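Report on the structure given below.
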Amino acid sequence: MIRVEKPAWETMVSHAEKTFPKECCGVMLGSDGVVRQAIPLPNVYTGPQEDFFVMDPLDLHRVDVEGRKAGLDVLGVFHSHPNCDAYFSKRDLENSCSWFSYVVLSIKDGRFDHAASYRPDFDQKEAPKEELIYG
Amino acid sequence: MAKILIPTPLRQYAGKQDSVELAGSTVGDVLNSLTSQYAELRRHLYTDEGKLRSFVNVYVNDDDIRYLDKEATALKDGDTVSIVPSIAGGSAGIAAPPVTLSKEEILRYSRHLIMPEVGMDGQLKLKSAKVALIGTGGLGAPLGMYLAAAGVGRIGLVDFDVVDFTNLQRQVIHGTKDVGRKKLDSAADTMLDINPYVEIDRHEVALSSENALQILKDYDIVVDGTDNFPTRYLVNDACVLLGKPNVYGSIFRFEGQATVFAYEGGPCYRCLYPEPPPPGLVPSCAEGGVLGILPGTIGLIQATETVKLILGIGEPLVGRLLLYDALAMRFRELKLRRNPECPVCGDHPTIRELIDYQEFCGIPNQVHEPVAVEGDIDPVEVKAKIDRGDPFVLIDVREPHEYQICRIPHAKLIPLGDLPKRVNELNSADEIVAHCKSGMRSAKAVEFLKQAGFRKVANMKGGILAWSDKVDPSVPKY
């Protein structure tokens, strides 16, 4: 289960809506399974960003280091699916990392529609849904 | 000594430390000693074959080792090694494959594909669409068949009923061979026979306040093919709460109505009818009858509107109530507006969740199993009275055209509507038993007679249908 506090959730939704129709991404910081802060990061994918995102590992590294200083852990990452449901796609799975919760936000016509969170396995074969509580 | 920063999720496998100091001359060395010291870390970083997992990036200070000497990258004293996962992904993928048409489908839909208003884009929209169809009866039959034929990709059917002979005069999705089968199965078979390229979800439930949101949330459009007020209000409210259009149709005898409710900015069913009629005032098709072709006409208007909404073409039937009179063969339109005071779709809604619709419509929950009331008499007892030659008067309060279908010998026909002016034909000293088709109208007749001062009146329970079941099977049911 992952819980996202309201200010963090609002950051994620507004970042996803602003980035529409492209995919956005970012990191979720917190402690004890509760996300207290969301950090939007640039999508550095060089191809069409409407259906793909790549996070710069250095960005993630910096957020991790800064988070440590503030006593916050990286609990997971988030990204958006523009005009698409919040499922965990094959491409999500192929690029997944088993360490994190993956929150996917479905943005339809520029507005938040629904969201889901997944925990991919080591082998990038499956990503079971986990309970997501937000707001 | 090099310092290895442990990523947050992995600290639990590294003695909860956020960094570990290790000796080693290369990156490979320190990672090896790290994972021998903390065995559980190993499977998070390495595959079973002993390779770093594809998503694992290793940085020495701020440099990616892929651009240095990979795992052989040399380390100096005081270097910091960071383990950072690659994070990427995207919506396109097999979990929801891009919708395309096969060669067979292209052939099947060719009359759509050659129209620019539909074309490949439109046909793919149809294939991607998810439509919930409430009821597979009179309206649901043409709806299900044509929506499947048109290539609506996913159709959710909601019904819990079984096909019976009285359905076949209009519910053309079911055949004589299907009598006794679940309507869901019979309808799905017909639809899949017409078009095996559609998916059909079978929801074998009575739609209720408990399950409606859960069932309907997965669909884009809801089509109401039901025939009772509680379900209409339920479907309406669920659609408004979920923000999904409700393609509405209703039929009675020779007349029908259709419109699209709960469409952005448009009115909902409650804007048109804020309150349900008193129970029993508006007869159902089972009570009042319906021209078998009528649901075909109205259901196809609903199907047309559904397809238009999916394609996003034309002028949707929003804010207009289409009225159809089959006898006059005339269509009329009434303008409808969203009511800002509407309790569910208005500016300040008071209904924010589903309510008890049976109660709202004034219907006791046990409507199908009427409890025995004083003055009820069983058809078997009536037959015994006739056989014994007991003095009593049996009145049939149905309509003359029903009397022509079947009758109980010796019953005197006084249609319910004529009872007040013909009450003088009855003697209050006589014992009187009233009957109709199923016992509803005769209950009203008994009530009327009691108020008119008759004391010895009884209602034959279950009407002539029960008579056919219990007394004389040669009496046809209708």
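Naming scheme: A, B, ... for chains in displayed order of the structure tokens; residues 1 onward per chain; ligands 1 onward as shown.
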Give me, as JSON lines, each residue of chain B that comes within 12 Å of chain A, together with its shortest interatomic pair and the distance in Å at one decimal, counting only C-alpha atoms, with rows ordered by chain and rising residue number.
{"residue": "B:Leu5", "atom": "CA", "partner": "A:Val65", "partner_atom": "CA", "distance": 9.0}
{"residue": "B:Ile6", "atom": "CA", "partner": "A:Asp64", "partner_atom": "CA", "distance": 9.9}
{"residue": "B:Pro7", "atom": "CA", "partner": "A:Asp64", "partner_atom": "CA", "distance": 7.5}
{"residue": "B:Thr8", "atom": "CA", "partner": "A:Asp73", "partner_atom": "CA", "distance": 5.5}
{"residue": "B:Pro9", "atom": "CA", "partner": "A:Trp99", "partner_atom": "CA", "distance": 5.6}
{"residue": "B:Leu10", "atom": "CA", "partner": "A:Trp99", "partner_atom": "CA", "distance": 7.1}
{"residue": "B:Arg11", "atom": "CA", "partner": "A:Asp73", "partner_atom": "CA", "distance": 10.1}
{"residue": "B:Gln12", "atom": "CA", "partner": "A:Trp99", "partner_atom": "CA", "distance": 11.1}
{"residue": "B:Tyr13", "atom": "CA", "partner": "A:Trp99", "partner_atom": "CA", "distance": 11.5}
{"residue": "B:Gln17", "atom": "CA", "partner": "A:Arg68", "partner_atom": "CA", "distance": 11.6}
{"residue": "B:Asp18", "atom": "CA", "partner": "A:Arg68", "partner_atom": "CA", "distance": 8.4}
{"residue": "B:Ser19", "atom": "CA", "partner": "A:Arg68", "partner_atom": "CA", "distance": 10.8}
{"residue": "B:Leu41", "atom": "CA", "partner": "A:Trp99", "partner_atom": "CA", "distance": 11.0}
{"residue": "B:Arg42", "atom": "CA", "partner": "A:Phe122", "partner_atom": "CA", "distance": 11.2}
{"residue": "B:Arg43", "atom": "CA", "partner": "A:Phe122", "partner_atom": "CA", "distance": 7.8}
{"residue": "B:His44", "atom": "CA", "partner": "A:Phe122", "partner_atom": "CA", "distance": 6.8}
{"residue": "B:Leu45", "atom": "CA", "partner": "A:Phe122", "partner_atom": "CA", "distance": 9.1}
{"residue": "B:Tyr46", "atom": "CA", "partner": "A:Phe122", "partner_atom": "CA", "distance": 9.6}
{"residue": "B:Thr47", "atom": "CA", "partner": "A:Asp123", "partner_atom": "CA", "distance": 8.2}
{"residue": "B:Asp48", "atom": "CA", "partner": "A:Asp123", "partner_atom": "CA", "distance": 10.0}
{"residue": "B:Leu52", "atom": "CA", "partner": "A:Phe122", "partner_atom": "CA", "distance": 11.9}
{"residue": "B:Arg53", "atom": "CA", "partner": "A:Phe122", "partner_atom": "CA", "distance": 8.8}
{"residue": "B:Ser54", "atom": "CA", "partner": "A:Asn95", "partner_atom": "CA", "distance": 8.4}
{"residue": "B:Phe55", "atom": "CA", "partner": "A:Cys97", "partner_atom": "CA", "distance": 6.2}
{"residue": "B:Val56", "atom": "CA", "partner": "A:Cys97", "partner_atom": "CA", "distance": 8.3}
{"residue": "B:Asn57", "atom": "CA", "partner": "A:Pro57", "partner_atom": "CA", "distance": 7.6}
{"residue": "B:Val58", "atom": "CA", "partner": "A:Pro57", "partner_atom": "CA", "distance": 9.5}
{"residue": "B:Tyr59", "atom": "CA", "partner": "A:Leu58", "partner_atom": "CA", "distance": 8.7}
{"residue": "B:Val60", "atom": "CA", "partner": "A:Leu58", "partner_atom": "CA", "distance": 11.5}
{"residue": "B:Asn61", "atom": "CA", "partner": "A:Leu58", "partner_atom": "CA", "distance": 10.6}
{"residue": "B:Asp62", "atom": "CA", "partner": "A:Leu58", "partner_atom": "CA", "distance": 7.7}
{"residue": "B:Asp63", "atom": "CA", "partner": "A:Leu58", "partner_atom": "CA", "distance": 9.1}
{"residue": "B:Asp64", "atom": "CA", "partner": "A:Leu58", "partner_atom": "CA", "distance": 8.9}
{"residue": "B:Thr80", "atom": "CA", "partner": "A:Val65", "partner_atom": "CA", "distance": 11.9}
{"residue": "B:Val81", "atom": "CA", "partner": "A:His61", "partner_atom": "CA", "distance": 11.1}
{"residue": "B:Ser82", "atom": "CA", "partner": "A:His61", "partner_atom": "CA", "distance": 7.7}
{"residue": "B:Ile83", "atom": "CA", "partner": "A:His61", "partner_atom": "CA", "distance": 8.2}
{"residue": "B:Val84", "atom": "CA", "partner": "A:His61", "partner_atom": "CA", "distance": 6.2}
{"residue": "B:Pro85", "atom": "CA", "partner": "A:Pro57", "partner_atom": "CA", "distance": 6.7}
{"residue": "B:Ser86", "atom": "CA", "partner": "A:Pro57", "partner_atom": "CA", "distance": 5.8}
{"residue": "B:Ile87", "atom": "CA", "partner": "A:Met55", "partner_atom": "CA", "distance": 5.4}
{"residue": "B:Ala88", "atom": "CA", "partner": "A:Val54", "partner_atom": "CA", "distance": 4.2}
{"residue": "B:Gly89", "atom": "CA", "partner": "A:Asp92", "partner_atom": "CA", "distance": 4.0}
{"residue": "B:Gly90", "atom": "CA", "partner": "A:Phe52", "partner_atom": "CA", "distance": 3.9}
{"residue": "B:Ser91", "atom": "CA", "partner": "A:Asp51", "partner_atom": "CA", "distance": 5.1}
{"residue": "B:Ala92", "atom": "CA", "partner": "A:Asp51", "partner_atom": "CA", "distance": 5.8}
{"residue": "B:Gly93", "atom": "CA", "partner": "A:Lys90", "partner_atom": "CA", "distance": 4.4}
{"residue": "B:Ile94", "atom": "CA", "partner": "A:Lys90", "partner_atom": "CA", "distance": 5.0}
{"residue": "B:Ala95", "atom": "CA", "partner": "A:Ser89", "partner_atom": "CA", "distance": 4.8}
{"residue": "B:Ala96", "atom": "CA", "partner": "A:Ser89", "partner_atom": "CA", "distance": 6.7}
{"residue": "B:Pro97", "atom": "CA", "partner": "A:Ser89", "partner_atom": "CA", "distance": 8.8}
{"residue": "B:Pro98", "atom": "CA", "partner": "A:Cys84", "partner_atom": "CA", "distance": 10.9}
{"residue": "B:Ser128", "atom": "CA", "partner": "A:Cys84", "partner_atom": "CA", "distance": 11.3}
{"residue": "B:Lys217", "atom": "CA", "partner": "A:His114", "partner_atom": "CA", "distance": 11.3}
{"residue": "B:Asp218", "atom": "CA", "partner": "A:Asp85", "partner_atom": "CA", "distance": 10.7}
{"residue": "B:Leu242", "atom": "CA", "partner": "A:Asp113", "partner_atom": "CA", "distance": 11.2}
{"residue": "B:Gly243", "atom": "CA", "partner": "A:Asp113", "partner_atom": "CA", "distance": 11.1}
Practice problem: Report as a ChimeraX atom specification: the residues of chain A with a DSSP assignment of alpha helix (DSSP H), based on the backbone of this structure. | Solution: /A:6-19,57-70,90-94
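Counting from atom CA of Asn339 of chain B, the distance to atom CA of Leu216 of chain B is 24.2 Å.
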Exercise. Within 12 Å of Ser474 of chain B, counting only C-alpha atoms, which residues show up once you throw out same-chain ones fewer than 3 positions away? Write them as a PyMOL selection string, please.
Key: chain B and resi 406-408+464-465+467-471+477
Exercise. Find the spatial neighbours of Pro230 of chain B, counting only C-alpha atoms, within a cut-off of 8 Å - ignore same-chain residues fewer than 2 positions away - and output them as a list of chain:residue names.
Key: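 The residues that qualify are B:Asn228, B:Arg232, B:Tyr233, B:Leu234, B:Tyr357, B:Gln358, B:Phe360, B:Cys361.
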Quiz item: atom CA of Ser36 of chain B to atom CA of Pro120 of chain A: how many Å, to one decimal?
Solution: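 We find that atom CA of Ser36 of chain B and atom CA of Pro120 of chain A lie 24.7 Å from each other.
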Quiz prompt | Among the residues B:Asp227, B:Val222, B:Glu287, B:Lys127, the one that comes closest to Phe261 of chain B [using only C-alpha atoms] | solution =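 Nearest candidate to Phe261 of chain B out of B:Asp227, B:Val222, B:Glu287, B:Lys127: B:Val222.
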Quiz item: Which polymer residues have any atom within 12 Å of an atom of Gly140 of chain B, counting only C-alpha atoms, with same-chain residues fewer than 2 positions away left out, as a PyMOL selection string?
Solution: chain B and resi 132-138+142-148+155-159+167+170-174+183-184+187-188+191+222-227+247-250+295-303
I need the chosen residues saved as a compact mmCIF listing (two decimals), in the first residue's frame, with N, CA and C atoms.
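So again.txt came out as:
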# COMPACT_ATOMS: atom_id res chain seq x y z
N ALA B 132 -22.10 -0.13 -21.92
CA ALA B 132 -22.89 -0.98 -21.02
C ALA B 132 -24.33 -0.96 -21.49
N LEU B 133 -24.92 -2.12 -21.60
CA LEU B 133 -26.30 -2.24 -22.06
C LEU B 133 -27.12 -2.85 -20.93
N ILE B 134 -28.00 -2.02 -20.35
CA ILE B 134 -28.78 -2.48 -19.20
C ILE B 134 -30.06 -3.12 -19.72
N GLY B 135 -30.14 -4.42 -19.62
CA GLY B 135 -31.33 -5.13 -20.08
C GLY B 135 -31.14 -5.69 -21.49
N THR B 136 -31.52 -6.94 -21.68
CA THR B 136 -31.45 -7.54 -23.02
C THR B 136 -32.86 -7.95 -23.43
N GLY B 137 -33.81 -7.06 -23.19
CA GLY B 137 -35.20 -7.32 -23.53
C GLY B 137 -35.57 -6.64 -24.84
N GLY B 138 -36.73 -5.98 -24.84
CA GLY B 138 -37.24 -5.37 -26.07
C GLY B 138 -36.28 -4.37 -26.67
N PRO B 142 -32.51 -5.19 -30.22
CA PRO B 142 -31.91 -4.56 -31.40
C PRO B 142 -30.62 -3.84 -31.06
N LEU B 143 -30.56 -3.26 -29.86
CA LEU B 143 -29.33 -2.57 -29.44
C LEU B 143 -28.14 -3.52 -29.47
N GLY B 144 -28.29 -4.66 -28.82
CA GLY B 144 -27.19 -5.61 -28.73
C GLY B 144 -26.77 -6.10 -30.10
N MET B 145 -27.76 -6.41 -30.95
CA MET B 145 -27.43 -6.96 -32.26
C MET B 145 -26.73 -5.93 -33.14
N TYR B 146 -27.26 -4.69 -33.18
CA TYR B 146 -26.65 -3.70 -34.06
C TYR B 146 -25.34 -3.14 -33.51
N LEU B 147 -25.23 -3.00 -32.20
CA LEU B 147 -23.96 -2.49 -31.66
C LEU B 147 -22.86 -3.52 -31.89
N ALA B 148 -23.20 -4.79 -31.75
CA ALA B 148 -22.21 -5.83 -32.05
C ALA B 148 -21.85 -5.80 -33.53
N ILE B 155 -18.91 -4.83 -25.11
CA ILE B 155 -20.30 -4.56 -24.74
C ILE B 155 -20.59 -5.33 -23.45
N GLY B 156 -20.98 -4.59 -22.42
CA GLY B 156 -21.32 -5.21 -21.14
C GLY B 156 -22.82 -5.36 -21.04
N LEU B 157 -23.29 -6.58 -20.91
CA LEU B 157 -24.72 -6.83 -20.78
C LEU B 157 -25.07 -7.01 -19.31
N VAL B 158 -26.14 -6.38 -18.87
CA VAL B 158 -26.62 -6.55 -17.50
C VAL B 158 -28.03 -7.09 -17.56
N ASP B 159 -28.23 -8.30 -17.10
CA ASP B 159 -29.56 -8.90 -17.08
C ASP B 159 -29.52 -10.12 -16.17
N ASN B 167 -41.67 -13.16 -24.42
CA ASN B 167 -40.61 -12.24 -24.87
C ASN B 167 -40.46 -12.23 -26.39
N ARG B 170 -41.13 -9.63 -29.47
CA ARG B 170 -40.36 -8.40 -29.71
C ARG B 170 -38.86 -8.55 -29.43
N GLN B 171 -38.45 -9.48 -28.58
CA GLN B 171 -37.04 -9.53 -28.17
C GLN B 171 -36.28 -10.42 -29.15
N VAL B 172 -36.03 -9.84 -30.34
CA VAL B 172 -35.58 -10.64 -31.49
C VAL B 172 -34.15 -11.20 -31.32
N ILE B 173 -33.47 -10.82 -30.26
CA ILE B 173 -32.13 -11.36 -30.02
C ILE B 173 -32.24 -12.80 -29.48
N HIS B 174 -33.43 -13.15 -28.97
CA HIS B 174 -33.68 -14.50 -28.45
C HIS B 174 -34.60 -15.25 -29.40
N LYS B 183 -31.09 -14.96 -20.39
CA LYS B 183 -31.08 -13.97 -21.46
C LYS B 183 -29.65 -13.55 -21.81
N LEU B 184 -28.79 -13.48 -20.79
CA LEU B 184 -27.39 -13.09 -21.03
C LEU B 184 -26.74 -14.02 -22.03
N ALA B 187 -28.46 -13.82 -25.52
CA ALA B 187 -28.11 -12.57 -26.23
C ALA B 187 -26.65 -12.62 -26.69
N ALA B 188 -25.76 -13.07 -25.80
CA ALA B 188 -24.34 -13.09 -26.16
C ALA B 188 -24.10 -14.03 -27.34
N MET B 191 -25.14 -12.22 -30.49
CA MET B 191 -24.23 -11.12 -30.82
C MET B 191 -22.90 -11.65 -31.35
N VAL B 222 -23.51 4.41 -21.25
CA VAL B 222 -24.48 3.49 -20.68
C VAL B 222 -25.77 3.61 -21.50
N VAL B 223 -26.32 2.49 -21.92
CA VAL B 223 -27.57 2.49 -22.67
C VAL B 223 -28.64 1.82 -21.82
N ASP B 224 -29.71 2.58 -21.57
CA ASP B 224 -30.75 2.10 -20.67
C ASP B 224 -31.85 1.41 -21.46
N GLY B 225 -31.95 0.11 -21.30
CA GLY B 225 -33.01 -0.64 -21.96
C GLY B 225 -33.95 -1.25 -20.94
N THR B 226 -34.14 -0.57 -19.81
CA THR B 226 -34.97 -1.15 -18.74
C THR B 226 -36.40 -0.64 -18.84
N ASP B 227 -37.26 -1.24 -18.04
CA ASP B 227 -38.67 -0.96 -18.18
C ASP B 227 -39.31 -0.60 -16.85
N VAL B 247 -27.90 6.81 -22.62
CA VAL B 247 -28.74 6.81 -23.83
C VAL B 247 -30.06 6.14 -23.45
N TYR B 248 -31.11 6.96 -23.42
CA TYR B 248 -32.37 6.55 -22.81
C TYR B 248 -33.43 6.22 -23.86
N GLY B 249 -34.24 5.23 -23.57
CA GLY B 249 -35.39 4.93 -24.41
C GLY B 249 -36.50 4.35 -23.56
N SER B 250 -37.74 4.61 -23.94
CA SER B 250 -38.83 3.96 -23.23
C SER B 250 -39.96 3.70 -24.21
N PRO B 295 -40.20 -1.51 -29.76
CA PRO B 295 -38.86 -1.45 -29.18
C PRO B 295 -37.77 -1.54 -30.24
N GLY B 296 -38.09 -2.13 -31.39
CA GLY B 296 -37.12 -2.14 -32.48
C GLY B 296 -36.81 -0.73 -32.93
N THR B 297 -37.87 0.05 -33.16
CA THR B 297 -37.69 1.43 -33.61
C THR B 297 -36.92 2.24 -32.56
N ILE B 298 -37.37 2.17 -31.31
CA ILE B 298 -36.75 3.01 -30.27
C ILE B 298 -35.34 2.51 -29.95
N GLY B 299 -35.17 1.19 -29.87
CA GLY B 299 -33.84 0.65 -29.59
C GLY B 299 -32.84 1.07 -30.66
N LEU B 300 -33.30 1.14 -31.91
CA LEU B 300 -32.36 1.51 -32.97
C LEU B 300 -32.05 3.00 -32.95
N ILE B 301 -32.99 3.81 -32.44
CA ILE B 301 -32.66 5.22 -32.25
C ILE B 301 -31.57 5.32 -31.17
N GLN B 302 -31.72 4.52 -30.11
CA GLN B 302 -30.68 4.51 -29.06
C GLN B 302 -29.34 4.03 -29.63
N ALA B 303 -29.39 2.99 -30.46
CA ALA B 303 -28.14 2.46 -31.03
C ALA B 303 -27.48 3.52 -31.92
